[in-house]
Amino acid sequence: MLVRDAMSTVILTIGPAHTLRQAARLMSARRVGAAVVQDGDSGGFGILTERDVLNAIGSDRNPDLETADAHTTRDVVFAAPSWTLEEAADAMTRGGFRHLVVLDDHGPVGIVSVRDIIRCWLPAHSAAAA
């Protein structure tokens, strides 16, 4: 199975100036665990995850003053829609993260999470065990 089969095409895109509270509210409303942070000036992409927000608040950062930019991961590992789920899981395991932004030639087209991969693997595993 491929990343394109498992990824969510619901992409929350925010700007670097969003506060952590704004980002958290948007992520909660969309029921996603990560947001793509797009820098309009440079055209670059980063990712802000629920873990980033939690770590900031746990470090006594003010979610109304801290910006997404200050907590965005910029050295993102991107996946291609044609990657296998095994390749995606391997990248996540090696990198110690739970979300991959999926890019094609035109930019982000989805996000694949550990949960997405497990959701795809469970039916196959259940069928093999029967």
# chains A, B, ... in the order shown; residues from 1 in each chain; ligands from 1

$ closest_atom_pairs --of "segment 16-118 of chain A" --to "segment 8-12 of chain A" --cutoff "12 Å" --atoms "only C-alpha atoms" --output "JSON lines"
{"residue": "A:Ala23", "atom": "CA", "partner": "A:Leu12", "partner_atom": "CA", "distance": 9.3}
{"residue": "A:Ala24", "atom": "CA", "partner": "A:Leu12", "partner_atom": "CA", "distance": 11.1}
{"residue": "A:Arg25", "atom": "CA", "partner": "A:Leu12", "partner_atom": "CA", "distance": 11.4}
{"residue": "A:Leu26", "atom": "CA", "partner": "A:Leu12", "partner_atom": "CA", "distance": 7.8}
{"residue": "A:Met27", "atom": "CA", "partner": "A:Leu12", "partner_atom": "CA", "distance": 7.3}
{"residue": "A:Ser28", "atom": "CA", "partner": "A:Leu12", "partner_atom": "CA", "distance": 10.6}
{"residue": "A:Ala29", "atom": "CA", "partner": "A:Leu12", "partner_atom": "CA", "distance": 10.2}
{"residue": "A:Arg30", "atom": "CA", "partner": "A:Leu12", "partner_atom": "CA", "distance": 7.6}
{"residue": "A:Arg31", "atom": "CA", "partner": "A:Val10", "partner_atom": "CA", "distance": 9.8}
{"residue": "A:Val32", "atom": "CA", "partner": "A:Leu12", "partner_atom": "CA", "distance": 7.8}
{"residue": "A:Gly33", "atom": "CA", "partner": "A:Leu12", "partner_atom": "CA", "distance": 9.5}
{"residue": "A:Ala34", "atom": "CA", "partner": "A:Leu12", "partner_atom": "CA", "distance": 7.5}
{"residue": "A:Ala35", "atom": "CA", "partner": "A:Leu12", "partner_atom": "CA", "distance": 5.0}
{"residue": "A:Val36", "atom": "CA", "partner": "A:Leu12", "partner_atom": "CA", "distance": 6.1}
{"residue": "A:Val37", "atom": "CA", "partner": "A:Leu12", "partner_atom": "CA", "distance": 8.5}
{"residue": "A:Gln38", "atom": "CA", "partner": "A:Leu12", "partner_atom": "CA", "distance": 10.2}
{"residue": "A:Gly46", "atom": "CA", "partner": "A:Leu12", "partner_atom": "CA", "distance": 11.9}
{"residue": "A:Ile47", "atom": "CA", "partner": "A:Leu12", "partner_atom": "CA", "distance": 10.1}
{"residue": "A:Leu48", "atom": "CA", "partner": "A:Leu12", "partner_atom": "CA", "distance": 10.2}
{"residue": "A:Thr49", "atom": "CA", "partner": "A:Leu12", "partner_atom": "CA", "distance": 11.0}
{"residue": "A:Pro81", "atom": "CA", "partner": "A:Thr9", "partner_atom": "CA", "distance": 11.0}
{"residue": "A:His99", "atom": "CA", "partner": "A:Ser8", "partner_atom": "CA", "distance": 10.8}
{"residue": "A:Leu100", "atom": "CA", "partner": "A:Ser8", "partner_atom": "CA", "distance": 10.6}
{"residue": "A:Val101", "atom": "CA", "partner": "A:Ile11", "partner_atom": "CA", "distance": 9.1}
{"residue": "A:Val102", "atom": "CA", "partner": "A:Thr9", "partner_atom": "CA", "distance": 9.2}
{"residue": "A:Leu103", "atom": "CA", "partner": "A:Thr9", "partner_atom": "CA", "distance": 11.1}
{"residue": "A:Gly107", "atom": "CA", "partner": "A:Ile11", "partner_atom": "CA", "distance": 11.4}
{"residue": "A:Pro108", "atom": "CA", "partner": "A:Ile11", "partner_atom": "CA", "distance": 8.0}
{"residue": "A:Val109", "atom": "CA", "partner": "A:Thr9", "partner_atom": "CA", "distance": 6.2}
{"residue": "A:Gly110", "atom": "CA", "partner": "A:Thr9", "partner_atom": "CA", "distance": 4.4}
{"residue": "A:Ile111", "atom": "CA", "partner": "A:Ser8", "partner_atom": "CA", "distance": 5.4}
{"residue": "A:Val112", "atom": "CA", "partner": "A:Ser8", "partner_atom": "CA", "distance": 6.1}
{"residue": "A:Ser113", "atom": "CA", "partner": "A:Ser8", "partner_atom": "CA", "distance": 8.4}
{"residue": "A:Val114", "atom": "CA", "partner": "A:Ser8", "partner_atom": "CA", "distance": 11.5}
{"residue": "A:Arg115", "atom": "CA", "partner": "A:Ser8", "partner_atom": "CA", "distance": 10.6}
{"residue": "A:Asp116", "atom": "CA", "partner": "A:Ser8", "partner_atom": "CA", "distance": 7.8}
{"residue": "A:Ile117", "atom": "CA", "partner": "A:Ser8", "partner_atom": "CA", "distance": 10.7}

$ write_last_selection --atoms "N, CA, C and O atoms" --output "compact mmCIF listing (two decimals), in the first residue's frame"
# COMPACT_ATOMS: atom_id res chain seq x y z
N ALA A 23 -3.26 28.34 16.53
CA ALA A 23 -2.92 27.08 15.87
C ALA A 23 -3.63 25.91 16.55
O ALA A 23 -4.21 25.05 15.89
N ALA A 24 -3.60 25.89 17.88
CA ALA A 24 -4.24 24.80 18.63
C ALA A 24 -5.75 24.78 18.38
O ALA A 24 -6.34 23.70 18.21
N ARG A 25 -6.37 25.94 18.34
CA ARG A 25 -7.81 25.99 18.08
C ARG A 25 -8.14 25.46 16.69
O ARG A 25 -9.11 24.73 16.51
N LEU A 26 -7.35 25.87 15.71
CA LEU A 26 -7.58 25.39 14.35
C LEU A 26 -7.35 23.88 14.24
O LEU A 26 -8.13 23.18 13.58
N MET A 27 -6.29 23.40 14.87
CA MET A 27 -6.01 21.97 14.83
C MET A 27 -7.13 21.19 15.50
O MET A 27 -7.56 20.14 14.99
N SER A 28 -7.61 21.69 16.62
CA SER A 28 -8.70 21.03 17.33
C SER A 28 -9.98 21.03 16.51
O SER A 28 -10.66 20.00 16.40
N ALA A 29 -10.30 22.16 15.91
CA ALA A 29 -11.52 22.26 15.11
C ALA A 29 -11.49 21.33 13.90
O ALA A 29 -12.51 20.76 13.53
N ARG A 30 -10.32 21.17 13.31
CA ARG A 30 -10.18 20.31 12.13
C ARG A 30 -9.89 18.86 12.50
O ARG A 30 -9.82 18.00 11.63
N ARG A 31 -9.64 18.63 13.79
CA ARG A 31 -9.32 17.29 14.30
C ARG A 31 -8.08 16.72 13.62
O ARG A 31 -8.07 15.58 13.15
N VAL A 32 -7.03 17.55 13.58
CA VAL A 32 -5.75 17.13 13.02
C VAL A 32 -4.66 17.33 14.06
O VAL A 32 -4.79 18.17 14.95
N GLY A 33 -3.59 16.57 13.95
CA GLY A 33 -2.50 16.64 14.90
C GLY A 33 -1.32 17.45 14.43
O GLY A 33 -0.31 17.54 15.14
N ALA A 34 -1.44 18.04 13.25
CA ALA A 34 -0.32 18.82 12.72
C ALA A 34 -0.84 19.86 11.74
O ALA A 34 -1.87 19.67 11.10
N ALA A 35 -0.08 20.95 11.64
CA ALA A 35 -0.40 22.00 10.67
C ALA A 35 0.85 22.28 9.84
O ALA A 35 1.97 22.28 10.37
N VAL A 36 0.66 22.49 8.56
CA VAL A 36 1.75 22.92 7.69
C VAL A 36 1.87 24.42 7.87
O VAL A 36 0.89 25.15 7.77
N VAL A 37 3.08 24.86 8.18
CA VAL A 37 3.34 26.29 8.36
C VAL A 37 4.02 26.76 7.08
O VAL A 37 5.11 26.32 6.75
N GLN A 38 3.33 27.64 6.38
CA GLN A 38 3.84 28.13 5.10
C GLN A 38 4.32 29.56 5.28
O GLN A 38 3.56 30.43 5.70
N GLY A 46 7.09 24.28 6.80
CA GLY A 46 7.50 23.61 8.03
C GLY A 46 6.29 22.91 8.59
O GLY A 46 5.22 22.89 7.98
N ILE A 47 6.45 22.33 9.77
CA ILE A 47 5.33 21.63 10.40
C ILE A 47 5.29 21.98 11.88
O ILE A 47 6.32 22.11 12.54
N LEU A 48 4.08 22.20 12.36
CA LEU A 48 3.82 22.43 13.77
C LEU A 48 2.90 21.31 14.22
O LEU A 48 1.82 21.12 13.63
N THR A 49 3.32 20.57 15.23
CA THR A 49 2.52 19.43 15.68
C THR A 49 1.94 19.69 17.06
O THR A 49 2.36 20.61 17.77
N PRO A 81 3.85 10.81 -2.52
CA PRO A 81 2.65 9.97 -2.56
C PRO A 81 2.95 8.53 -2.99
O PRO A 81 2.22 7.61 -2.62
N HIS A 99 4.31 12.47 12.06
CA HIS A 99 3.62 13.03 10.89
C HIS A 99 4.62 13.28 9.78
O HIS A 99 5.72 13.75 10.04
N LEU A 100 4.20 13.02 8.56
CA LEU A 100 4.98 13.35 7.37
C LEU A 100 4.11 14.20 6.44
O LEU A 100 2.97 13.82 6.14
N VAL A 101 4.66 15.31 6.02
CA VAL A 101 3.99 16.11 5.00
C VAL A 101 4.26 15.44 3.66
O VAL A 101 5.40 15.06 3.36
N VAL A 102 3.21 15.25 2.88
CA VAL A 102 3.33 14.59 1.58
C VAL A 102 3.36 15.66 0.50
O VAL A 102 2.46 16.49 0.41
N LEU A 103 4.43 15.62 -0.30
CA LEU A 103 4.61 16.61 -1.36
C LEU A 103 4.58 15.96 -2.72
O LEU A 103 5.07 14.85 -2.90
N GLY A 107 3.63 21.06 -4.39
CA GLY A 107 3.58 21.42 -2.98
C GLY A 107 2.87 20.36 -2.16
O GLY A 107 2.67 19.23 -2.61
N PRO A 108 2.48 20.72 -0.93
CA PRO A 108 1.83 19.74 -0.04
C PRO A 108 0.50 19.25 -0.60
O PRO A 108 -0.32 20.04 -1.04
N VAL A 109 0.32 17.93 -0.58
CA VAL A 109 -0.93 17.33 -1.04
C VAL A 109 -1.60 16.50 0.05
O VAL A 109 -2.71 16.01 -0.13
N GLY A 110 -0.92 16.34 1.18
CA GLY A 110 -1.49 15.57 2.26
C GLY A 110 -0.55 15.46 3.43
O GLY A 110 0.59 15.95 3.39
N ILE A 111 -1.04 14.81 4.47
CA ILE A 111 -0.24 14.47 5.64
C ILE A 111 -0.55 13.03 5.97
O ILE A 111 -1.72 12.61 5.97
N VAL A 112 0.49 12.27 6.25
CA VAL A 112 0.30 10.89 6.69
C VAL A 112 0.85 10.79 8.11
O VAL A 112 1.92 11.31 8.42
N SER A 113 0.07 10.16 8.97
CA SER A 113 0.45 10.01 10.37
C SER A 113 0.63 8.53 10.70
O SER A 113 0.22 7.65 9.93
N VAL A 114 1.20 8.30 11.85
CA VAL A 114 1.33 6.92 12.33
C VAL A 114 -0.06 6.28 12.40
O VAL A 114 -0.25 5.13 12.01
N ARG A 115 -1.03 7.04 12.86
CA ARG A 115 -2.40 6.53 12.96
C ARG A 115 -2.95 6.11 11.60
O ARG A 115 -3.61 5.08 11.47
N ASP A 116 -2.65 6.90 10.56
CA ASP A 116 -3.10 6.55 9.20
C ASP A 116 -2.50 5.22 8.76
O ASP A 116 -3.18 4.39 8.15
N ILE A 117 -1.22 5.05 9.04
CA ILE A 117 -0.54 3.81 8.64
C ILE A 117 -1.12 2.62 9.38
O ILE A 117 -1.43 1.59 8.77

$ residues_around --residues "Asp52 of chain A" --least-positions-apart "4" --cutoff "9 Å" --atoms "only C-alpha atoms" --output "list in words"
Leu48, Ala56, Ile57, His71, Thr72 and Thr73 of chain A

$ write_last_selection --atoms "all heavy atoms" --output "short mmCIF file (atom, residue, chain, number, x, y, z; two decimals), in the first residue's frame"
data_model
loop_
_atom_site.label_atom_id
_atom_site.label_comp_id
_atom_site.auth_asym_id
_atom_site.auth_seq_id
_atom_site.Cartn_x
_atom_site.Cartn_y
_atom_site.Cartn_z
N LEU A 48 4.08 22.20 12.36
CA LEU A 48 3.82 22.43 13.77
C LEU A 48 2.90 21.31 14.22
O LEU A 48 1.82 21.12 13.63
CB LEU A 48 3.14 23.79 13.99
CG LEU A 48 2.79 24.13 15.44
CD1 LEU A 48 4.05 24.51 16.21
CD2 LEU A 48 1.77 25.26 15.49
N ALA A 56 5.69 23.59 24.27
CA ALA A 56 5.78 25.02 24.52
C ALA A 56 5.00 25.41 25.78
O ALA A 56 5.50 26.12 26.65
CB ALA A 56 5.27 25.81 23.32
N ILE A 57 3.78 24.93 25.88
CA ILE A 57 2.96 25.26 27.04
C ILE A 57 3.53 24.62 28.30
O ILE A 57 3.55 25.24 29.37
CB ILE A 57 1.48 24.86 26.79
CG1 ILE A 57 0.91 25.75 25.68
CG2 ILE A 57 0.66 24.99 28.07
CD1 ILE A 57 -0.45 25.35 25.19
N HIS A 71 8.11 27.71 16.96
CA HIS A 71 8.03 26.30 17.35
C HIS A 71 7.89 25.36 16.16
O HIS A 71 7.65 24.17 16.33
CB HIS A 71 6.87 26.13 18.33
CG HIS A 71 7.04 26.95 19.56
ND1 HIS A 71 7.83 26.56 20.61
CD2 HIS A 71 6.59 28.20 19.86
CE1 HIS A 71 7.83 27.51 21.53
NE2 HIS A 71 7.10 28.51 21.09
N THR A 72 8.04 25.90 14.97
CA THR A 72 7.91 25.12 13.75
C THR A 72 9.18 24.34 13.46
O THR A 72 10.28 24.88 13.59
CB THR A 72 7.60 26.06 12.56
OG1 THR A 72 6.32 26.65 12.78
CG2 THR A 72 7.58 25.31 11.24
N THR A 73 9.02 23.10 13.08
CA THR A 73 10.14 22.30 12.61
C THR A 73 10.36 22.64 11.14
O THR A 73 9.45 22.50 10.32
CB THR A 73 9.85 20.79 12.77
OG1 THR A 73 9.61 20.53 14.16
CG2 THR A 73 11.00 19.95 12.26
#

$ atom_distance --atom1 "atom CA of Leu2 of chain A" --atom2 "atom CA of Ala79 of chain A"
10.6 Å

$ closest_residue --among "A:Trp121, A:Asn62, A:Phe45, A:Asp105" --to "Val77 of chain A" --atoms "only C-alpha atoms"
A:Phe45

$ select_by_dssp --residues "chain A" --states "strand (DSSP E or B)" --output "NGL selection string"
:A and (2 or 8 or 13-14 or 19 or 34-38 or 45-49 or 67 or 73 or 78-79 or 84 or 99-104 or 107-113)

$ atom_distance --atom1 "atom CA of Met92 of chain A" --atom2 "atom CA of Val76 of chain A"
11.0 Å

$ atom_distance --atom1 "atom CA of Ser42 of chain A" --atom2 "atom CA of Ala17 of chain A"
13.9 Å

$ select_by_dssp --residues "segment 18-101 of chain A" --states "alpha helix (DSSP H)" --output "number ranges by chain"
A: 20-30, 50-58, 85-95

$ closest_residue --among "A:Val53, A:Ala91, A:Leu20, A:Met1" --to "Phe78 of chain A" --atoms "only C-alpha atoms"
A:Ala91
